[in-house]
file upload35.cif (mmCIF, C-alpha atoms (C1' of nucleotides) and all ligand atoms)
data_final
loop_
_atom_site.group_PDB
_atom_site.id
_atom_site.type_symbol
_atom_site.label_atom_id
_atom_site.label_comp_id
_atom_site.auth_asym_id
_atom_site.auth_seq_id
_atom_site.Cartn_x
_atom_site.Cartn_y
_atom_site.Cartn_z
ATOM 1 C CA MET A 15 -8.322 30.153 181.854
ATOM 2 C CA LYS A 16 -11.761 31.551 181.072
ATOM 3 C CA TYR A 17 -12.580 29.322 178.112
ATOM 4 C CA THR A 18 -10.645 26.122 178.725
ATOM 5 C CA GLU A 19 -13.535 24.460 180.497
ATOM 6 C CA LYS A 20 -16.072 25.516 177.903
ATOM 7 C CA LEU A 21 -13.900 24.021 175.193
ATOM 8 C CA ARG A 22 -13.054 20.870 177.095
ATOM 9 C CA ASN A 23 -16.683 20.287 177.980
ATOM 10 C CA SER A 24 -17.600 20.144 174.336
ATOM 11 C CA GLY A 25 -14.765 17.843 173.391
ATOM 12 C CA LEU A 26 -12.506 20.480 171.886
ATOM 13 C CA ARG A 27 -8.956 20.665 173.202
ATOM 14 C CA PRO A 28 -8.269 24.107 174.620
ATOM 15 C CA THR A 29 -5.437 25.073 172.319
ATOM 16 C CA LYS A 30 -3.845 28.513 172.333
ATOM 17 C CA GLN A 31 -5.515 29.317 169.002
ATOM 18 C CA ARG A 32 -8.982 28.275 170.123
ATOM 19 C CA VAL A 33 -8.714 30.295 173.314
ATOM 20 C CA GLN A 34 -7.613 33.351 171.331
ATOM 21 C CA ILE A 35 -10.553 32.907 168.985
ATOM 22 C CA CYS A 36 -12.849 32.598 172.012
ATOM 23 C CA ASN A 37 -11.441 35.849 173.357
ATOM 24 C CA ALA A 38 -12.149 37.639 170.096
ATOM 25 C CA LEU A 39 -15.649 36.183 169.903
ATOM 26 C CA PHE A 40 -16.953 36.134 173.448
ATOM 27 C CA ASP A 41 -15.121 38.806 175.435
ATOM 28 C CA GLU A 42 -16.972 41.651 173.741
ATOM 29 C CA LYS A 43 -19.659 43.455 175.679
ATOM 30 C CA LYS A 44 -21.942 43.297 172.655
ATOM 31 C CA THR A 45 -22.619 40.387 170.335
ATOM 32 C CA PHE A 46 -21.716 40.911 166.696
ATOM 33 C CA HIS A 47 -21.951 39.629 163.129
ATOM 34 C CA PHE A 48 -18.918 38.599 161.135
ATOM 35 C CA THR A 49 -17.443 36.670 158.251
ATOM 36 C CA VAL A 50 -14.513 34.349 158.911
ATOM 37 C CA LYS A 51 -12.201 36.743 157.073
ATOM 38 C CA ASP A 52 -13.359 39.631 159.292
ATOM 39 C CA LEU A 53 -12.727 37.587 162.392
ATOM 40 C CA ALA A 54 -9.255 36.507 161.288
ATOM 41 C CA LYS A 55 -8.325 40.153 160.684
ATOM 42 C CA LYS A 56 -9.721 41.203 164.053
ATOM 43 C CA ILE A 57 -7.631 38.551 165.782
ATOM 44 C CA GLN A 58 -4.440 39.565 163.968
ATOM 45 C CA ASN A 59 -4.939 43.126 165.178
ATOM 46 C CA LYS A 60 -5.606 42.043 168.746
ATOM 47 C CA ILE A 61 -2.737 39.631 169.328
ATOM 48 C CA ASN A 62 0.678 39.815 167.720
ATOM 49 C CA SER A 63 1.007 36.183 166.791
ATOM 50 C CA HIS A 64 -0.498 34.800 163.616
ATOM 51 C CA ILE A 65 -3.334 32.297 163.383
ATOM 52 C CA SER A 66 -3.810 30.459 160.111
ATOM 53 C CA LEU A 67 -6.974 31.302 158.217
ATOM 54 C CA ALA A 68 -7.682 27.564 157.951
ATOM 55 C CA THR A 69 -7.674 27.330 161.735
ATOM 56 C CA VAL A 70 -10.136 30.177 162.037
ATOM 57 C CA TYR A 71 -12.427 28.420 159.559
ATOM 58 C CA ASN A 72 -12.084 25.100 161.363
ATOM 59 C CA THR A 73 -12.727 26.629 164.744
ATOM 60 C CA VAL A 74 -15.677 28.734 163.671
ATOM 61 C CA HIS A 75 -17.292 25.642 162.187
ATOM 62 C CA ALA A 76 -16.579 23.607 165.299
ATOM 63 C CA PHE A 77 -18.128 26.339 167.431
ATOM 64 C CA GLU A 78 -21.137 26.520 165.187
ATOM 65 C CA LYS A 79 -21.662 22.787 165.476
ATOM 66 C CA LYS A 80 -21.522 23.119 169.270
ATOM 67 C CA GLY A 81 -24.035 25.966 169.219
ATOM 68 C CA TYR A 82 -21.603 28.697 170.284
ATOM 69 C CA LEU A 83 -22.182 30.519 167.011
ATOM 70 C CA LYS A 84 -24.829 30.526 164.362
ATOM 71 C CA GLN A 85 -25.062 31.361 160.715
ATOM 72 C CA ILE A 86 -27.344 34.104 159.511
ATOM 73 C CA PRO A 87 -29.605 33.322 156.561
ATOM 74 C CA ILE A 88 -29.008 35.963 153.939
ATOM 75 C CA ASN A 89 -28.514 35.839 150.196
ATOM 76 C CA SER A 90 -24.847 36.482 149.753
ATOM 77 C CA ASN A 91 -21.927 34.462 148.543
ATOM 78 C CA LYS A 92 -20.233 35.093 151.880
ATOM 79 C CA ILE A 93 -21.358 33.320 155.026
ATOM 80 C CA TYR A 94 -22.198 35.559 157.974
ATOM 81 C CA PHE A 95 -21.969 34.308 161.533
ATOM 82 C CA ASP A 96 -23.493 35.660 164.718
ATOM 83 C CA THR A 97 -22.138 35.501 168.263
ATOM 84 C CA ASN A 98 -25.700 36.034 169.449
ATOM 85 C CA VAL A 99 -27.069 32.513 169.515
ATOM 86 C CA SER A 100 -30.350 33.447 171.157
ATOM 87 C CA GLU A 101 -33.539 33.292 169.113
ATOM 88 C CA HIS A 102 -33.618 36.593 167.255
ATOM 89 C CA HIS A 103 -34.009 38.065 163.786
ATOM 90 C CA HIS A 104 -32.325 40.545 161.472
ATOM 91 C CA PHE A 105 -32.765 43.699 159.522
ATOM 92 C CA TYR A 106 -30.597 43.856 156.443
ATOM 93 C CA ASP A 107 -29.849 47.366 155.250
ATOM 94 C CA LEU A 108 -29.506 46.970 151.491
ATOM 95 C CA ASP A 109 -27.827 50.341 151.021
ATOM 96 C CA LYS A 110 -25.160 50.074 153.715
ATOM 97 C CA ASN A 111 -24.941 46.290 153.390
ATOM 98 C CA LYS A 112 -25.246 45.898 157.132
ATOM 99 C CA LEU A 113 -27.044 43.496 159.466
ATOM 100 C CA ILE A 114 -28.904 44.820 162.501
ATOM 101 C CA ASP A 115 -30.351 42.677 165.281
ATOM 102 C CA LEU A 116 -34.056 42.392 165.893
ATOM 103 C CA ASN A 117 -34.651 40.938 169.312
ATOM 104 C CA LYS A 118 -37.251 38.253 169.639
ATOM 105 C CA CYS A 119 -39.513 40.821 171.310
ATOM 106 C CA ASP A 120 -39.160 43.148 168.300
ATOM 107 C CA VAL A 121 -41.095 40.662 166.177
ATOM 108 C CA GLY A 122 -44.549 39.359 167.009
ATOM 109 C CA PRO A 123 -44.990 35.604 167.470
ATOM 110 C CA ILE A 124 -44.621 33.608 164.269
ATOM 111 C CA ASN A 125 -47.122 30.920 163.540
ATOM 112 C CA ILE A 126 -46.057 28.261 161.030
ATOM 113 C CA LYS A 127 -49.238 26.501 160.002
ATOM 114 C CA LYS A 128 -47.869 24.017 157.506
ATOM 115 C CA LYS A 129 -46.295 20.739 158.648
ATOM 116 C CA ILE A 130 -43.940 18.453 156.773
ATOM 117 C CA ASN A 131 -44.376 14.791 157.493
ATOM 118 C CA GLY A 132 -41.596 13.360 159.664
ATOM 119 C CA LYS A 133 -39.738 16.651 159.957
ATOM 120 C CA LYS A 134 -39.477 18.932 162.919
ATOM 121 C CA ILE A 135 -38.757 22.623 163.054
ATOM 122 C CA LYS A 136 -35.231 23.436 164.140
ATOM 123 C CA SER A 137 -35.375 27.205 163.796
ATOM 124 C CA VAL A 138 -37.492 30.031 162.469
ATOM 125 C CA GLU A 139 -35.595 33.054 161.250
ATOM 126 C CA VAL A 140 -36.845 36.298 159.789
ATOM 127 C CA LEU A 141 -34.876 38.584 157.507
ATOM 128 C CA VAL A 142 -36.291 42.073 157.004
ATOM 129 C CA LYS A 143 -34.738 43.939 154.096
ATOM 130 C CA LEU A 144 -34.530 47.703 154.432
ATOM 131 C CA GLU A 145 -34.165 50.400 151.814
ATOM 132 C CA ASN A 146 -34.163 54.181 151.925
ATOM 133 C CA MET B 84 -43.450 35.641 120.655
ATOM 134 C CA LYS B 85 -44.681 35.096 124.183
ATOM 135 C CA TYR B 86 -41.941 36.983 126.014
ATOM 136 C CA THR B 87 -40.767 39.624 123.572
ATOM 137 C CA GLU B 88 -43.171 42.230 124.878
ATOM 138 C CA LYS B 89 -42.386 41.478 128.501
ATOM 139 C CA LEU B 90 -38.704 41.936 127.786
ATOM 140 C CA ARG B 91 -39.130 45.027 125.641
ATOM 141 C CA ASN B 92 -41.412 46.641 128.201
ATOM 142 C CA SER B 93 -38.688 46.457 130.788
ATOM 143 C CA GLY B 94 -36.010 47.804 128.496
ATOM 144 C CA LEU B 95 -34.380 44.474 127.721
ATOM 145 C CA ARG B 96 -33.899 43.577 124.067
ATOM 146 C CA PRO B 97 -35.667 40.322 123.308
ATOM 147 C CA THR B 98 -32.659 38.351 122.179
ATOM 148 C CA LYS B 99 -32.830 34.670 121.331
ATOM 149 C CA GLN B 100 -30.953 33.823 124.538
ATOM 150 C CA ARG B 101 -33.211 35.869 126.785
ATOM 151 C CA VAL B 102 -36.329 34.360 125.271
ATOM 152 C CA GLN B 103 -34.917 30.861 125.772
ATOM 153 C CA ILE B 104 -34.129 31.684 129.377
ATOM 154 C CA CYS B 105 -37.688 33.003 129.782
ATOM 155 C CA ASN B 106 -39.015 29.737 128.405
ATOM 156 C CA ALA B 107 -37.005 27.719 130.890
ATOM 157 C CA LEU B 108 -38.057 29.970 133.752
ATOM 158 C CA PHE B 109 -41.662 30.867 133.089
ATOM 159 C CA ASP B 110 -43.208 28.154 130.937
ATOM 160 C CA GLU B 111 -43.311 25.651 133.790
ATOM 161 C CA LYS B 112 -46.625 24.910 135.421
ATOM 162 C CA LYS B 113 -45.028 25.177 138.834
ATOM 163 C CA THR B 114 -42.624 27.780 140.128
ATOM 164 C CA PHE B 115 -39.231 26.518 141.234
ATOM 165 C CA HIS B 116 -35.964 27.277 143.004
ATOM 166 C CA PHE B 117 -32.625 27.206 141.250
ATOM 167 C CA THR B 118 -29.006 28.239 141.138
ATOM 168 C CA VAL B 119 -27.644 29.818 137.973
ATOM 169 C CA LYS B 120 -25.628 26.688 137.255
ATOM 170 C CA ASP B 121 -28.787 24.530 137.568
ATOM 171 C CA LEU B 122 -30.629 26.787 135.191
ATOM 172 C CA ALA B 123 -27.848 26.780 132.615
ATOM 173 C CA LYS B 124 -27.831 22.977 132.662
ATOM 174 C CA LYS B 125 -31.611 22.817 132.335
ATOM 175 C CA ILE B 126 -31.479 25.077 129.304
ATOM 176 C CA GLN B 127 -28.720 23.043 127.632
ATOM 177 C CA ASN B 128 -30.878 19.942 127.992
ATOM 178 C CA LYS B 129 -33.964 21.679 126.632
ATOM 179 C CA ILE B 130 -32.563 23.336 123.518
ATOM 180 C CA ASN B 131 -29.697 22.021 121.461
ATOM 181 C CA SER B 132 -27.831 25.276 121.081
ATOM 182 C CA HIS B 133 -25.441 26.511 123.731
ATOM 183 C CA ILE B 134 -25.891 29.593 125.896
ATOM 184 C CA SER B 135 -22.852 30.984 127.639
ATOM 185 C CA LEU B 136 -22.882 30.724 131.418
ATOM 186 C CA ALA B 137 -22.021 34.436 131.596
ATOM 187 C CA THR B 138 -25.195 35.208 129.665
ATOM 188 C CA VAL B 139 -27.287 33.162 132.051
ATOM 189 C CA TYR B 140 -25.750 35.056 134.970
ATOM 190 C CA ASN B 141 -26.310 38.412 133.279
ATOM 191 C CA THR B 142 -29.879 37.608 132.386
ATOM 192 C CA VAL B 143 -30.829 36.189 135.769
ATOM 193 C CA HIS B 144 -29.509 39.329 137.407
ATOM 194 C CA ALA B 145 -31.332 41.552 134.947
ATOM 195 C CA PHE B 146 -34.567 39.661 135.620
ATOM 196 C CA GLU B 147 -34.053 39.914 139.338
ATOM 197 C CA LYS B 148 -33.591 43.660 139.064
ATOM 198 C CA LYS B 149 -36.865 43.882 137.117
ATOM 199 C CA GLY B 150 -38.661 41.788 139.721
ATOM 200 C CA TYR B 151 -39.166 38.719 137.526
ATOM 201 C CA LEU B 152 -37.098 36.637 139.927
ATOM 202 C CA LYS B 153 -36.031 36.908 143.510
ATOM 203 C CA GLN B 154 -33.220 35.625 145.645
ATOM 204 C CA ILE B 155 -33.909 33.397 148.596
ATOM 205 C CA PRO B 156 -32.221 34.288 151.874
ATOM 206 C CA ILE B 157 -30.339 31.225 153.038
ATOM 207 C CA ASN B 158 -26.891 30.652 154.440
ATOM 208 C CA SER B 159 -25.012 29.020 151.619
ATOM 209 C CA ASN B 160 -22.148 30.013 149.393
ATOM 210 C CA LYS B 161 -24.414 29.504 146.413
ATOM 211 C CA ILE B 162 -27.169 31.954 145.578
ATOM 212 C CA TYR B 163 -30.633 30.463 145.176
ATOM 213 C CA PHE B 164 -33.268 32.134 143.026
ATOM 214 C CA ASP B 165 -37.021 31.699 142.936
ATOM 215 C CA THR B 166 -39.398 32.039 140.008
ATOM 216 C CA ASN B 167 -42.159 32.597 142.548
ATOM 217 C CA VAL B 168 -41.951 36.332 143.160
ATOM 218 C CA SER B 169 -45.069 36.533 145.284
ATOM 219 C CA GLU B 170 -44.720 37.177 148.994
ATOM 220 C CA HIS B 171 -43.988 33.778 150.480
ATOM 221 C CA HIS B 172 -41.580 31.937 152.745
ATOM 222 C CA HIS B 173 -39.462 28.786 152.836
ATOM 223 C CA PHE B 174 -38.789 25.607 154.644
ATOM 224 C CA TYR B 175 -35.218 24.449 154.342
ATOM 225 C CA ASP B 176 -34.755 20.727 154.800
ATOM 226 C CA LEU B 177 -31.275 20.452 156.315
ATOM 227 C CA ASP B 178 -30.965 16.740 155.594
ATOM 228 C CA LYS B 179 -32.010 16.734 151.951
ATOM 229 C CA ASN B 180 -30.667 20.244 151.362
ATOM 230 C CA LYS B 181 -33.903 21.244 149.713
ATOM 231 C CA LEU B 182 -36.106 24.335 149.742
ATOM 232 C CA ILE B 183 -39.884 24.007 150.036
ATOM 233 C CA ASP B 184 -42.380 26.807 149.577
ATOM 234 C CA LEU B 185 -44.501 28.128 152.391
ATOM 235 C CA ASN B 186 -47.326 30.168 150.986
ATOM 236 C CA LYS B 187 -48.099 33.440 152.647
ATOM 237 C CA CYS B 188 -51.194 31.822 154.144
ATOM 238 C CA ASP B 189 -49.056 29.055 155.674
ATOM 239 C CA VAL B 190 -47.485 31.593 158.005
ATOM 240 C CA GLY B 191 -49.423 33.851 160.355
ATOM 241 C CA PRO B 192 -49.064 37.617 159.949
ATOM 242 C CA ILE B 193 -45.645 38.952 160.929
ATOM 243 C CA ASN B 194 -45.485 42.057 163.022
ATOM 244 C CA ILE B 195 -42.180 43.939 162.961
ATOM 245 C CA LYS B 196 -42.290 46.283 165.926
ATOM 246 C CA LYS B 197 -38.907 47.938 165.641
ATOM 247 C CA LYS B 198 -38.365 50.852 163.228
ATOM 248 C CA ILE B 199 -35.112 52.155 161.805
ATOM 249 C CA ASN B 200 -34.998 55.886 161.270
ATOM 250 C CA GLY B 201 -35.241 56.866 157.598
ATOM 251 C CA LYS B 202 -35.480 53.288 156.354
ATOM 252 C CA LYS B 203 -38.478 51.490 154.994
ATOM 253 C CA ILE B 204 -39.185 47.798 154.883
ATOM 254 C CA LYS B 205 -38.738 46.276 151.449
ATOM 255 C CA SER B 206 -39.467 42.663 152.311
ATOM 256 C CA VAL B 207 -39.996 40.293 155.192
ATOM 257 C CA GLU B 208 -38.852 36.746 154.619
ATOM 258 C CA VAL B 209 -38.987 33.739 156.902
ATOM 259 C CA LEU B 210 -36.723 30.720 156.688
ATOM 260 C CA VAL B 211 -37.813 27.676 158.667
ATOM 261 C CA LYS B 212 -35.099 25.065 159.048
ATOM 262 C CA LEU B 213 -36.236 21.454 159.259
ATOM 263 C CA GLU B 214 -34.518 18.390 160.656
ATOM 264 C CA ASN B 215 -35.565 14.800 161.163
ATOM 265 C "C1'" DA C 155 -31.725 46.322 102.450
ATOM 266 C "C1'" DC C 156 -27.978 49.059 104.521
ATOM 267 C "C1'" DA C 157 -25.085 51.919 107.474
ATOM 268 C "C1'" DG C 158 -24.140 53.388 111.951
ATOM 269 C "C1'" DC C 159 -24.641 52.942 116.662
ATOM 270 C "C1'" DT C 160 -25.761 50.544 120.918
ATOM 271 C "C1'" DT C 161 -26.545 46.511 123.450
ATOM 272 C "C1'" DT C 162 -25.615 41.796 124.123
ATOM 273 C "C1'" DT C 163 -23.145 37.542 123.921
ATOM 274 C "C1'" DT C 164 -19.194 34.974 124.441
ATOM 275 C "C1'" DA C 165 -14.920 32.382 125.834
ATOM 276 C "C1'" DG C 166 -11.755 32.794 128.741
ATOM 277 C "C1'" DA C 167 -9.383 34.943 132.597
ATOM 278 C "C1'" DA C 168 -9.639 36.825 137.163
ATOM 279 C "C1'" DT C 169 -11.367 37.062 141.740
ATOM 280 C "C1'" DC C 170 -12.712 35.538 146.040
ATOM 281 C "C1'" DA C 171 -14.644 32.552 149.645
ATOM 282 C "C1'" DT C 172 -14.211 28.215 151.197
ATOM 283 C "C1'" DT C 173 -12.410 23.472 151.630
ATOM 284 C "C1'" DA C 174 -8.894 19.827 151.130
ATOM 285 C "C1'" DT C 175 -4.153 18.058 151.890
ATOM 286 C "C1'" DA C 176 -0.680 16.265 154.334
ATOM 287 C "C1'" DA C 177 3.304 17.308 157.022
ATOM 288 C "C1'" DA C 178 4.727 19.404 161.445
ATOM 289 C "C1'" DC C 179 3.261 20.275 165.947
ATOM 290 C "C1'" DT C 180 0.788 19.898 170.455
ATOM 291 C "C1'" DA C 181 -2.190 18.202 174.089
ATOM 292 C "C1'" DC C 182 -3.182 14.491 176.740
ATOM 293 C "C1'" DC C 183 -2.720 9.937 178.827
ATOM 294 C "C1'" DT C 184 0.027 6.398 180.987
ATOM 295 C "C1'" DA D 96 9.350 10.609 178.692
ATOM 296 C "C1'" DG D 97 6.904 8.108 175.018
ATOM 297 C "C1'" DG D 98 2.892 7.096 172.337
ATOM 298 C "C1'" DT D 99 -1.179 8.523 170.119
ATOM 299 C "C1'" DA D 100 -4.857 11.146 168.542
ATOM 300 C "C1'" DG D 101 -6.198 15.716 167.704
ATOM 301 C "C1'" DT D 102 -4.747 20.262 165.858
ATOM 302 C "C1'" DT D 103 -2.400 23.715 163.216
ATOM 303 C "C1'" DT D 104 -0.312 25.259 159.224
ATOM 304 C "C1'" DA D 105 1.081 26.693 154.515
ATOM 305 C "C1'" DT D 106 -0.314 25.757 150.385
ATOM 306 C "C1'" DA D 107 -3.063 23.889 146.753
ATOM 307 C "C1'" DA D 108 -7.552 22.889 144.968
ATOM 308 C "C1'" DT D 109 -12.254 23.884 144.184
ATOM 309 C "C1'" DG D 110 -16.204 26.254 142.787
ATOM 310 C "C1'" DA D 111 -19.266 30.161 142.371
ATOM 311 C "C1'" DT D 112 -19.378 34.472 140.549
ATOM 312 C "C1'" DT D 113 -17.674 38.514 138.078
ATOM 313 C "C1'" DC D 114 -14.741 40.787 134.682
ATOM 314 C "C1'" DT D 115 -12.831 41.629 130.041
ATOM 315 C "C1'" DA D 116 -12.774 42.922 125.572
ATOM 316 C "C1'" DA D 117 -13.665 41.327 121.046
ATOM 317 C "C1'" DA D 118 -17.311 39.463 118.017
ATOM 318 C "C1'" DA D 119 -22.175 39.235 117.110
ATOM 319 C "C1'" DA D 120 -26.780 40.807 117.071
ATOM 320 C "C1'" DG D 121 -30.520 44.168 117.601
ATOM 321 C "C1'" DC D 122 -32.339 48.675 116.519
ATOM 322 C "C1'" DT D 123 -33.159 53.091 114.162
ATOM 323 C "C1'" DG D 124 -33.238 55.995 110.453
ATOM 324 C "C1'" DT D 125 -32.335 56.143 105.502
HETATM 325 MN MN MN E 301 -26.314 39.633 166.683
HETATM 326 MN MN MN E 302 -40.978 28.866 144.982
HETATM 327 ZN ZN ZN E 303 -27.889 38.687 165.039
HETATM 328 ZN ZN ZN E 304 -40.048 29.968 147.009
#
call {"tool": "encode", "arguments": {"input": "upload35.cif", "output": "structure tokens"}}
result
Amino acid sequence: MKYTEKLRNSGLRPTKQRVQICNALFDEKKTFHFTVKDLAKKIQNKINSHISLATVYNTVHAFEKKGYLKQIPINSNKIYFDTNVSEHHHFYDLDKNKLIDLNKCDVGPINIKKKINGKKIKSVEVLVKLEN
Amino acid sequence: MKYTEKLRNSGLRPTKQRVQICNALFDEKKTFHFTVKDLAKKIQNKINSHISLATVYNTVHAFEKKGYLKQIPINSNKIYFDTNVSEHHHFYDLDKNKLIDLNKCDVGPINIKKKINGKKIKSVEVLVKLEN
DNA sequence: ACAGCTTTTTAGAATCATTATAAACTACCT
DNA sequence: AGGTAGTTTATAATGATTCTAAAAAGCTGT
């Protein structure tokens, strides 16, 4: 199987559900943005067995912890995830309510001048809000 | 009253509740970050009358629409607001779960190279995640 | 001050995303 | 195959936010 090793290597048992979620997430030609609800629906349409919503939540969080997915910082009461885990940024179209990728090369280098004692920078993410 | 004109000028009737919310938000020496629940609690402690949580929600949203407050882009299922409406950015301390201001001058100029047809940029916000 | 009209406040209910529970099931090891 | 720890599941619980519709308050003209 395509994803059994990936899962096993990060200490996650390659269950049928996890492999199906991997298929939905990582088989696509293009990376994409999603909420857990979106993803669960997508999987139901793809396969004809049912995966519990709780399992999709659990798995998405496990994958995020392993770095297979990341969350997108945005002010919403829903959490948006990204299958593109490379360093990149986002446009947020306020009218269509849609996220659009900004590759790292689409944004000039970002220089954080302030330091916080004893803390190190884990990530730097830019959100560019768009209107008409 | 200190805030009646401000409210009236933006088409909001200066009710007792709105003025009290203004006091809690804008009388502080320093700007701050909050959730609506936080703010409601702060107000209850300050005054000894009660303001409905729904009113605090309504008012915070009205103020945001008028530009007196802004939301902070962060991946959380709670919405964080900021009384600092100037162009600035944020550190997010992942361990303490706390937001820290980055003044505009703490971050070098940000150059967005990509354009989206027919859209204009409303804001550019940076979130810098910190870990130990 | 008062009537008439509009906006606002309010308690409570409804909604919706997310997390917790704990029993049934499955993968893995020997 | 049997034992054990990890996983899935339906369902309940939680918690933030929004909705509702009736009561209260603000405003304008008299
Ligand atoms: Mn992406
Ligand atoms: Mn601030
Ligand atoms: Zn992205
Ligand atoms: Zn701030």
call {"tool": "resolve_selection", "arguments": {"input": "upload35.cif", "expression": "the PyMOL selection byres ((chain C) within 12 of (chain B))", "output": "MDAnalysis selection string"}}
result
chainID C and resid 160:166 170:173
call {"tool": "residues_near_ligand", "arguments": {"input": "upload35.cif", "ligand": "ligand MN 301 (chain E)", "cutoff": "7 Å", "atoms": "all atoms listed in the file", "output": "PyMOL selection string"}}
result
chain A and resi 45-47+96-98+115
call {"tool": "residues_near_point", "arguments": {"input": "upload35.cif", "point": "(-12.3, 26.2, 177.5)", "cutoff": "12 Å", "atoms": "only C-alpha atoms (C1' of nucleotides)", "output": "ChimeraX atom specification"}}
result
/A:15-37,40,77
call {"tool": "residues_near_ligand", "arguments": {"input": "upload35.cif", "ligand": "ligand ZN 303 (chain E)", "cutoff": "12 Å", "atoms": "all atoms listed in the file", "output": "PyMOL selection string"}}
result
chain A and resi 44-48+83-88+94-106+112-118+139-141
call {"tool": "write_last_selection", "arguments": {"input": "upload35.cif", "atoms": "C-alpha atoms", "output": "PDB file, keeping the file's coordinate frame"}}
result
ATOM      1  CA  LYS A  44     -21.942  43.297 172.655  1.00  0.00           C
ATOM      2  CA  THR A  45     -22.619  40.387 170.335  1.00  0.00           C
ATOM      3  CA  PHE A  46     -21.716  40.911 166.696  1.00  0.00           C
ATOM      4  CA  HIS A  47     -21.951  39.629 163.129  1.00  0.00           C
ATOM      5  CA  PHE A  48     -18.918  38.599 161.135  1.00  0.00           C
ATOM      6  CA  LEU A  83     -22.182  30.519 167.011  1.00  0.00           C
ATOM      7  CA  LYS A  84     -24.829  30.526 164.362  1.00  0.00           C
ATOM      8  CA  GLN A  85     -25.062  31.361 160.715  1.00  0.00           C
ATOM      9  CA  ILE A  86     -27.344  34.104 159.511  1.00  0.00           C
ATOM     10  CA  PRO A  87     -29.605  33.322 156.561  1.00  0.00           C
ATOM     11  CA  ILE A  88     -29.008  35.963 153.939  1.00  0.00           C
ATOM     12  CA  TYR A  94     -22.198  35.559 157.974  1.00  0.00           C
ATOM     13  CA  PHE A  95     -21.969  34.308 161.533  1.00  0.00           C
ATOM     14  CA  ASP A  96     -23.493  35.660 164.718  1.00  0.00           C
ATOM     15  CA  THR A  97     -22.138  35.501 168.263  1.00  0.00           C
ATOM     16  CA  ASN A  98     -25.700  36.034 169.449  1.00  0.00           C
ATOM     17  CA  VAL A  99     -27.069  32.513 169.515  1.00  0.00           C
ATOM     18  CA  SER A 100     -30.350  33.447 171.157  1.00  0.00           C
ATOM     19  CA  GLU A 101     -33.539  33.292 169.113  1.00  0.00           C
ATOM     20  CA  HIS A 102     -33.618  36.593 167.255  1.00  0.00           C
ATOM     21  CA  HIS A 103     -34.009  38.065 163.786  1.00  0.00           C
ATOM     22  CA  HIS A 104     -32.325  40.545 161.472  1.00  0.00           C
ATOM     23  CA  PHE A 105     -32.765  43.699 159.522  1.00  0.00           C
ATOM     24  CA  TYR A 106     -30.597  43.856 156.443  1.00  0.00           C
ATOM     25  CA  LYS A 112     -25.246  45.898 157.132  1.00  0.00           C
ATOM     26  CA  LEU A 113     -27.044  43.496 159.466  1.00  0.00           C
ATOM     27  CA  ILE A 114     -28.904  44.820 162.501  1.00  0.00           C
ATOM     28  CA  ASP A 115     -30.351  42.677 165.281  1.00  0.00           C
ATOM     29  CA  LEU A 116     -34.056  42.392 165.893  1.00  0.00           C
ATOM     30  CA  ASN A 117     -34.651  40.938 169.312  1.00  0.00           C
ATOM     31  CA  LYS A 118     -37.251  38.253 169.639  1.00  0.00           C
ATOM     32  CA  GLU A 139     -35.595  33.054 161.250  1.00  0.00           C
ATOM     33  CA  VAL A 140     -36.845  36.298 159.789  1.00  0.00           C
ATOM     34  CA  LEU A 141     -34.876  38.584 157.507  1.00  0.00           C
TER      35      LEU A 141
END
call {"tool": "closest_atom_pairs", "arguments": {"input": "upload35.cif", "of": "chain A", "to": "chain B", "cutoff": "9 Å", "atoms": "all atoms listed in the file", "output": "tab-separated table"}}
result
residue	atom	partner	partner_atom	distance
A:Gln85	CA	B:Asn158	CA	6.6
A:Ile86	CA	B:Asn158	CA	6.2
A:Pro87	CA	B:Ile157	CA	4.2
A:Ile88	CA	B:Pro156	CA	4.2
A:Asn89	CA	B:Pro156	CA	4.4
A:Ser90	CA	B:Ile162	CA	6.6
A:Asn91	CA	B:Asn160	CA	4.5
A:Lys92	CA	B:Asn160	CA	6.0
A:Ile93	CA	B:Asn158	CA	6.2
A:Tyr94	CA	B:Asn158	CA	7.7
A:Phe105	CA	B:Ile204	CA	8.9
A:Asp107	CA	B:Lys202	CA	8.2
A:Leu116	CA	B:Lys197	CA	7.4
A:Asn117	CA	B:Lys197	CA	9.0
A:Cys119	CA	B:Lys196	CA	8.2
A:Asp120	CA	B:Lys196	CA	5.0
A:Val121	CA	B:Ile195	CA	4.7
A:Gly122	CA	B:Asn194	CA	4.9
A:Pro123	CA	B:Ile193	CA	7.4
A:Ile124	CA	B:Gly191	CA	6.2
A:Asn125	CA	B:Gly191	CA	4.9
A:Ile126	CA	B:Val190	CA	4.7
A:Lys127	CA	B:Asp189	CA	5.0
A:Lys128	CA	B:Asp189	CA	5.5
A:Ile130	CA	B:Leu213	CA	8.6
A:Gly132	CA	B:Asn215	CA	6.4
A:Lys133	CA	B:Asn215	CA	4.7
A:Lys134	CA	B:Glu214	CA	5.5
A:Ile135	CA	B:Leu213	CA	4.7
A:Lys136	CA	B:Lys212	CA	5.3
A:Ser137	CA	B:Lys212	CA	5.2
A:Val138	CA	B:Val211	CA	4.5
A:Glu139	CA	B:Leu210	CA	5.2
A:Val140	CA	B:Val209	CA	4.4
A:Leu141	CA	B:Glu208	CA	5.2
A:Val142	CA	B:Val207	CA	4.5
A:Lys143	CA	B:Ser206	CA	5.2
A:Leu144	CA	B:Ile204	CA	4.7
A:Glu145	CA	B:Lys203	CA	5.5
A:Asn146	CA	B:Lys202	CA	4.7
call {"tool": "closest_residue", "arguments": {"input": "upload35.cif", "among": "B:Lys148, B:Val119, B:Ile130, B:Leu108", "to": "ligand MN 302 (chain E)", "atoms": "all atoms listed in the file"}}
result
B:Leu108
call {"tool": "atom_distance", "arguments": {"input": "upload35.cif", "atom1": "C1' of DT125 in chain D", "atom2": "C1' of DA157 in chain C"}}
result
8.6 Å
